[in-house]
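One structure below.
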Amino acid sequence: MRIPLLGLHQADNAALAVAAIDALRSRGWDISDGALRDGLARTRWPGRLEVIDRNPIVLVDGAHNPAGLERSLDAVQKLAKGRPLVIVFGAMSDKDLPSMLALVRSVGAPVIFSRIGWHRAASPSDLAQQFPGESEIAESSAEALSRARQRAGRDGVARGSRAAAS
């Protein structure tokens, strides 16, 4: 069965859904294999490794904790496969920023810190000060995505947090 979601973690989620269907079937629910396949094939999860552009590939993801960010970045690196990769990052100030920034740093890609229009948001300058790698600051998500597209080039990949890229 194929699912239209990116990332190995989404295959894990699909396997959980199949297990749930099996459990329902064991309790008498009549759910056909066709309905299961159709449901998985039609699955959409806006903002979760969602492709919003193709030249370059631009993905947004709503990972908001270290575990989710690690899976997101792993999937993006596999997708990039040696192509230029640029990360747009913004986060809420009440999140585990040191761990999340360490994960972003481990990718080794340039980072553009973007302002998020939310009262709990960490400022881009604060994020950049805590980040030991190559980075720059954009005052708006539109500016950040524009720069990321330019830096990635036509064949590259840009990954943005849902909050920073919306």
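The way I read the labels, and the way they are meant: chains A, B, ... in the order of the structure tokens, residue 1 as the first residue of every chain, and ligand 1 as the first ligand shown, with later ones counted on from there.
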Which residues come within 8 Å of Ser161 of chain A, counting only C-alpha atoms, excluding same-chain residues fewer than 6 positions away, as a list in words?
-> Val60, Asp61, Gly62, Ala63, Val88, Phe89, Gly90 and Ala91 of chain A
Can I get the selection written as an mmCIF file, in the first residue's frame, with C-alpha atoms?
```cif
data_model
loop_
_atom_site.group_PDB
_atom_site.id
_atom_site.type_symbol
_atom_site.label_atom_id
_atom_site.label_comp_id
_atom_site.auth_asym_id
_atom_site.auth_seq_id
_atom_site.Cartn_x
_atom_site.Cartn_y
_atom_site.Cartn_z
ATOM 1 C CA VAL A 60 6.633 23.038 5.363
ATOM 2 C CA ASP A 61 6.371 21.012 8.521
ATOM 3 C CA GLY A 62 4.732 21.656 11.856
ATOM 4 C CA ALA A 63 7.208 19.756 14.030
ATOM 5 C CA VAL A 88 13.723 28.222 7.449
ATOM 6 C CA PHE A 89 13.163 27.974 11.187
ATOM 7 C CA GLY A 90 10.960 29.690 13.696
ATOM 8 C CA ALA A 91 9.624 28.380 16.981
#
```
Could you pull out the alpha helix (DSSP H) residues of segment 9-111 of chain A, going by DSSP on the backbone, and write them as a tab-separated table (two decimals) with N, CA and C atoms, in the first residue's frame?
```tsv
chain	number	residue	atom	x	y	z
A	9	HIS	N	8.37	8.06	9.19
A	9	HIS	CA	7.46	8.12	10.33
A	9	HIS	C	6.00	8.07	9.91
A	10	GLN	N	5.71	8.54	8.69
A	10	GLN	CA	4.32	8.48	8.21
A	10	GLN	C	3.94	7.04	7.85
A	11	ALA	N	4.92	6.24	7.41
A	11	ALA	CA	4.66	4.82	7.19
A	11	ALA	C	4.33	4.15	8.53
A	12	ASP	N	5.03	4.55	9.59
A	12	ASP	CA	4.71	4.03	10.93
A	12	ASP	C	3.28	4.41	11.33
A	13	ASN	N	2.91	5.65	11.04
A	13	ASN	CA	1.55	6.10	11.36
A	13	ASN	C	0.51	5.32	10.56
A	14	ALA	N	0.82	5.05	9.29
A	14	ALA	CA	-0.10	4.26	8.45
A	14	ALA	C	-0.24	2.84	8.99
A	15	ALA	N	0.86	2.26	9.45
A	15	ALA	CA	0.81	0.92	10.03
A	15	ALA	C	-0.08	0.91	11.28
A	16	LEU	N	-0.02	1.97	12.05
A	16	LEU	CA	-0.90	2.08	13.22
A	16	LEU	C	-2.37	2.15	12.80
A	17	ALA	N	-2.63	2.89	11.73
A	17	ALA	CA	-4.00	2.98	11.23
A	17	ALA	C	-4.50	1.62	10.76
A	18	VAL	N	-3.65	0.86	10.08
A	18	VAL	CA	-4.02	-0.48	9.63
A	18	VAL	C	-4.30	-1.38	10.84
A	19	ALA	N	-3.47	-1.27	11.87
A	19	ALA	CA	-3.69	-2.06	13.09
A	19	ALA	C	-5.02	-1.69	13.74
A	20	ALA	N	-5.36	-0.41	13.73
A	20	ALA	CA	-6.64	0.03	14.29
A	20	ALA	C	-7.80	-0.55	13.49
A	21	ILE	N	-7.68	-0.56	12.17
A	21	ILE	CA	-8.72	-1.15	11.32
A	21	ILE	C	-8.86	-2.64	11.63
A	22	ASP	N	-7.72	-3.33	11.76
A	22	ASP	CA	-7.77	-4.76	12.10
A	22	ASP	C	-8.48	-4.98	13.44
A	23	ALA	N	-8.21	-4.12	14.42
A	23	ALA	CA	-8.88	-4.24	15.72
A	23	ALA	C	-10.38	-4.01	15.58
A	24	LEU	N	-10.77	-3.03	14.78
A	24	LEU	CA	-12.20	-2.79	14.56
A	24	LEU	C	-12.85	-3.97	13.85
A	25	ARG	N	-12.16	-4.53	12.87
A	25	ARG	CA	-12.70	-5.71	12.16
A	25	ARG	C	-12.91	-6.87	13.13
A	26	SER	N	-11.98	-7.05	14.06
A	26	SER	CA	-12.11	-8.16	15.02
A	26	SER	C	-13.30	-7.96	15.96
A	33	ASP	N	-10.96	-4.18	2.38
A	33	ASP	CA	-9.58	-3.86	2.02
A	33	ASP	C	-9.53	-2.67	1.08
A	34	GLY	N	-10.52	-2.59	0.18
A	34	GLY	CA	-10.58	-1.47	-0.75
A	34	GLY	C	-10.77	-0.14	-0.03
A	35	ALA	N	-11.62	-0.14	0.98
A	35	ALA	CA	-11.84	1.09	1.76
A	35	ALA	C	-10.57	1.48	2.51
A	36	LEU	N	-9.87	0.49	3.03
A	36	LEU	CA	-8.61	0.76	3.72
A	36	LEU	C	-7.59	1.35	2.76
A	37	ARG	N	-7.41	0.71	1.60
A	37	ARG	CA	-6.45	1.22	0.61
A	37	ARG	C	-6.84	2.63	0.15
A	38	ASP	N	-8.13	2.83	-0.11
A	38	ASP	CA	-8.60	4.14	-0.56
A	38	ASP	C	-8.37	5.21	0.51
A	39	GLY	N	-8.65	4.86	1.75
A	39	GLY	CA	-8.44	5.81	2.85
A	39	GLY	C	-6.99	6.21	2.99
A	40	LEU	N	-6.09	5.23	2.92
A	40	LEU	CA	-4.66	5.54	3.01
A	40	LEU	C	-4.21	6.37	1.81
A	41	ALA	N	-4.69	6.03	0.62
A	41	ALA	CA	-4.28	6.75	-0.60
A	41	ALA	C	-4.76	8.20	-0.60
A	66	PRO	N	11.44	18.23	19.82
A	66	PRO	CA	12.65	17.60	19.27
A	66	PRO	C	12.39	16.29	18.53
A	67	ALA	N	11.53	15.44	19.05
A	67	ALA	CA	11.27	14.15	18.39
A	67	ALA	C	10.66	14.35	17.00
A	68	GLY	N	9.68	15.23	16.90
A	68	GLY	CA	9.06	15.50	15.61
A	68	GLY	C	10.02	16.18	14.65
A	69	LEU	N	10.81	17.11	15.15
A	69	LEU	CA	11.78	17.81	14.31
A	69	LEU	C	12.84	16.84	13.79
A	70	GLU	N	13.28	15.93	14.63
A	70	GLU	CA	14.28	14.95	14.20
A	70	GLU	C	13.76	14.10	13.04
A	71	ARG	N	12.53	13.65	13.13
A	71	ARG	CA	11.94	12.85	12.05
A	71	ARG	C	11.75	13.69	10.79
A	72	SER	N	11.33	14.92	10.95
A	72	SER	CA	11.14	15.81	9.82
A	72	SER	C	12.46	16.07	9.10
A	73	LEU	N	13.48	16.41	9.86
A	73	LEU	CA	14.78	16.71	9.25
A	73	LEU	C	15.38	15.48	8.59
A	74	ASP	N	15.18	14.30	9.18
A	74	ASP	CA	15.66	13.06	8.57
A	74	ASP	C	15.00	12.85	7.21
A	75	ALA	N	13.69	13.04	7.14
A	75	ALA	CA	12.97	12.87	5.88
A	75	ALA	C	13.43	13.89	4.84
A	76	VAL	N	13.64	15.13	5.26
A	76	VAL	CA	14.08	16.18	4.33
A	76	VAL	C	15.47	15.88	3.79
A	77	GLN	N	16.37	15.42	4.65
A	77	GLN	CA	17.72	15.09	4.19
A	77	GLN	C	17.69	13.95	3.18
A	78	LYS	N	16.84	12.97	3.40
A	78	LYS	CA	16.72	11.86	2.44
A	78	LYS	C	16.16	12.37	1.11
A	79	LEU	N	15.22	13.28	1.18
A	79	LEU	CA	14.64	13.85	-0.04
A	79	LEU	C	15.67	14.69	-0.79
A	80	ALA	N	16.47	15.45	-0.06
A	80	ALA	CA	17.45	16.34	-0.69
A	80	ALA	C	18.55	15.54	-1.41
A	97	LEU	N	14.11	24.82	22.83
A	97	LEU	CA	14.91	25.43	21.77
A	97	LEU	C	16.34	24.89	21.71
A	98	PRO	N	17.05	24.70	22.81
A	98	PRO	CA	18.42	24.18	22.69
A	98	PRO	C	18.47	22.83	21.96
A	99	SER	N	17.57	21.93	22.28
A	99	SER	CA	17.56	20.63	21.60
A	99	SER	C	17.18	20.78	20.13
A	100	MET	N	16.19	21.61	19.86
A	100	MET	CA	15.74	21.78	18.48
A	100	MET	C	16.83	22.45	17.63
A	101	LEU	N	17.49	23.45	18.19
A	101	LEU	CA	18.57	24.11	17.44
A	101	LEU	C	19.74	23.17	17.21
A	102	ALA	N	20.03	22.29	18.16
A	102	ALA	CA	21.09	21.30	17.98
A	102	ALA	C	20.74	20.35	16.83
A	103	LEU	N	19.48	19.97	16.72
A	103	LEU	CA	19.06	19.10	15.62
A	103	LEU	C	19.20	19.81	14.28
A	104	VAL	N	18.77	21.06	14.23
A	104	VAL	CA	18.90	21.84	13.00
A	104	VAL	C	20.37	21.98	12.62
A	105	ARG	N	21.21	22.26	13.60
A	105	ARG	CA	22.65	22.41	13.37
A	105	ARG	C	23.26	21.12	12.82
A	106	SER	N	22.79	19.97	13.29
A	106	SER	CA	23.35	18.69	12.87
A	106	SER	C	23.16	18.41	11.38
A	107	VAL	N	22.21	19.09	10.77
A	107	VAL	CA	21.97	18.91	9.33
A	107	VAL	C	23.11	19.53	8.51
```
Which residues, written as a list in words, have at least one atom at most 12 Å from Val51 of chain A, with only C-alpha atoms counted and residues fewer than 3 positions away on the same chain left out?
-> Pro4, Leu5, Leu6, Arg44, Trp45, Pro46, Gly47, Arg48, Arg54, Asn55, Pro56, Ile57, Val58, Leu59, Val60, Asp61, Val76, Leu79, Val157, Ala158, Arg159, Gly160, Arg162 and Ala165 of chain A
Using only C-alpha atoms, which residue out of A:His64, A:Arg147, A:Arg83, A:Arg154 lies closest to Ala121 of chain A?
-> A:His64
Could you give me the residues within segment 70-163 of chain A that DSSP places in strand (DSSP E), as an mmCIF file with N, CA and C atoms, in the first residue's frame?
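That gives us part-v8.cif:
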```
data_model
loop_
_atom_site.group_PDB
_atom_site.id
_atom_site.type_symbol
_atom_site.label_atom_id
_atom_site.label_comp_id
_atom_site.auth_asym_id
_atom_site.auth_seq_id
_atom_site.Cartn_x
_atom_site.Cartn_y
_atom_site.Cartn_z
ATOM 1 N N LEU A 85 20.298 22.346 0.320
ATOM 2 C CA LEU A 85 19.211 22.358 1.294
ATOM 3 C C LEU A 85 19.321 23.619 2.139
ATOM 4 N N VAL A 86 18.214 24.308 2.308
ATOM 5 C CA VAL A 86 18.146 25.501 3.155
ATOM 6 C C VAL A 86 16.979 25.301 4.118
ATOM 7 N N ILE A 87 17.189 25.670 5.367
ATOM 8 C CA ILE A 87 16.159 25.497 6.387
ATOM 9 C C ILE A 87 15.670 26.859 6.862
ATOM 10 N N VAL A 88 14.351 27.052 6.837
ATOM 11 C CA VAL A 88 13.723 28.222 7.449
ATOM 12 C C VAL A 88 13.187 27.737 8.789
ATOM 13 N N PHE A 89 13.545 28.446 9.857
ATOM 14 C CA PHE A 89 13.163 27.974 11.187
ATOM 15 C C PHE A 89 12.623 29.107 12.036
ATOM 16 N N VAL A 111 20.716 28.180 7.606
ATOM 17 C CA VAL A 111 19.430 28.372 8.277
ATOM 18 C C VAL A 111 19.033 29.839 8.193
ATOM 19 N N ILE A 112 17.755 30.064 7.924
ATOM 20 C CA ILE A 112 17.189 31.410 7.948
ATOM 21 C C ILE A 112 16.157 31.425 9.069
ATOM 22 N N PHE A 113 16.421 32.236 10.089
ATOM 23 C CA PHE A 113 15.483 32.355 11.198
ATOM 24 C C PHE A 113 14.434 33.390 10.835
ATOM 25 N N SER A 114 13.181 33.011 10.995
ATOM 26 C CA SER A 114 12.072 33.851 10.566
ATOM 27 C C SER A 114 11.197 34.260 11.741
ATOM 28 N N SER A 135 23.870 31.170 9.670
ATOM 29 C CA SER A 135 22.463 31.564 9.728
ATOM 30 C C SER A 135 22.302 33.023 9.338
ATOM 31 N N GLU A 136 21.067 33.358 9.038
ATOM 32 C CA GLU A 136 20.690 34.745 8.796
ATOM 33 C C GLU A 136 19.284 34.946 9.343
ATOM 34 N N ILE A 137 18.880 36.195 9.403
ATOM 35 C CA ILE A 137 17.591 36.550 9.994
ATOM 36 C C ILE A 137 16.722 37.204 8.931
ATOM 37 N N ALA A 138 15.458 36.793 8.889
ATOM 38 C CA ALA A 138 14.470 37.430 8.020
ATOM 39 C C ALA A 138 13.363 37.982 8.908
ATOM 40 N N VAL A 157 16.330 22.128 -2.201
ATOM 41 C CA VAL A 157 15.217 21.849 -1.297
ATOM 42 C C VAL A 157 15.237 22.891 -0.183
ATOM 43 N N ALA A 158 14.086 23.466 0.102
ATOM 44 C CA ALA A 158 13.944 24.392 1.228
ATOM 45 C C ALA A 158 12.914 23.805 2.177
ATOM 46 N N ARG A 159 13.255 23.780 3.474
ATOM 47 C CA ARG A 159 12.355 23.228 4.484
ATOM 48 C C ARG A 159 12.050 24.316 5.488
ATOM 49 N N GLY A 160 10.777 24.577 5.706
ATOM 50 C CA GLY A 160 10.388 25.589 6.671
ATOM 51 C C GLY A 160 9.434 25.041 7.701
ATOM 52 N N SER A 161 9.513 25.603 8.893
ATOM 53 C CA SER A 161 8.514 25.238 9.895
ATOM 54 C C SER A 161 7.182 25.827 9.452
#
```
From the set A:Arg27, A:Gly133, A:Leu127, A:Arg149, which residue has the shortest atom-to-atom contact distance to Gly108 of chain A, counting only C-alpha atoms?
->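 Of A:Arg27, A:Gly133, A:Leu127, A:Arg149, the one nearest Gly108 of chain A is A:Gly133, counting only C-alpha atoms.
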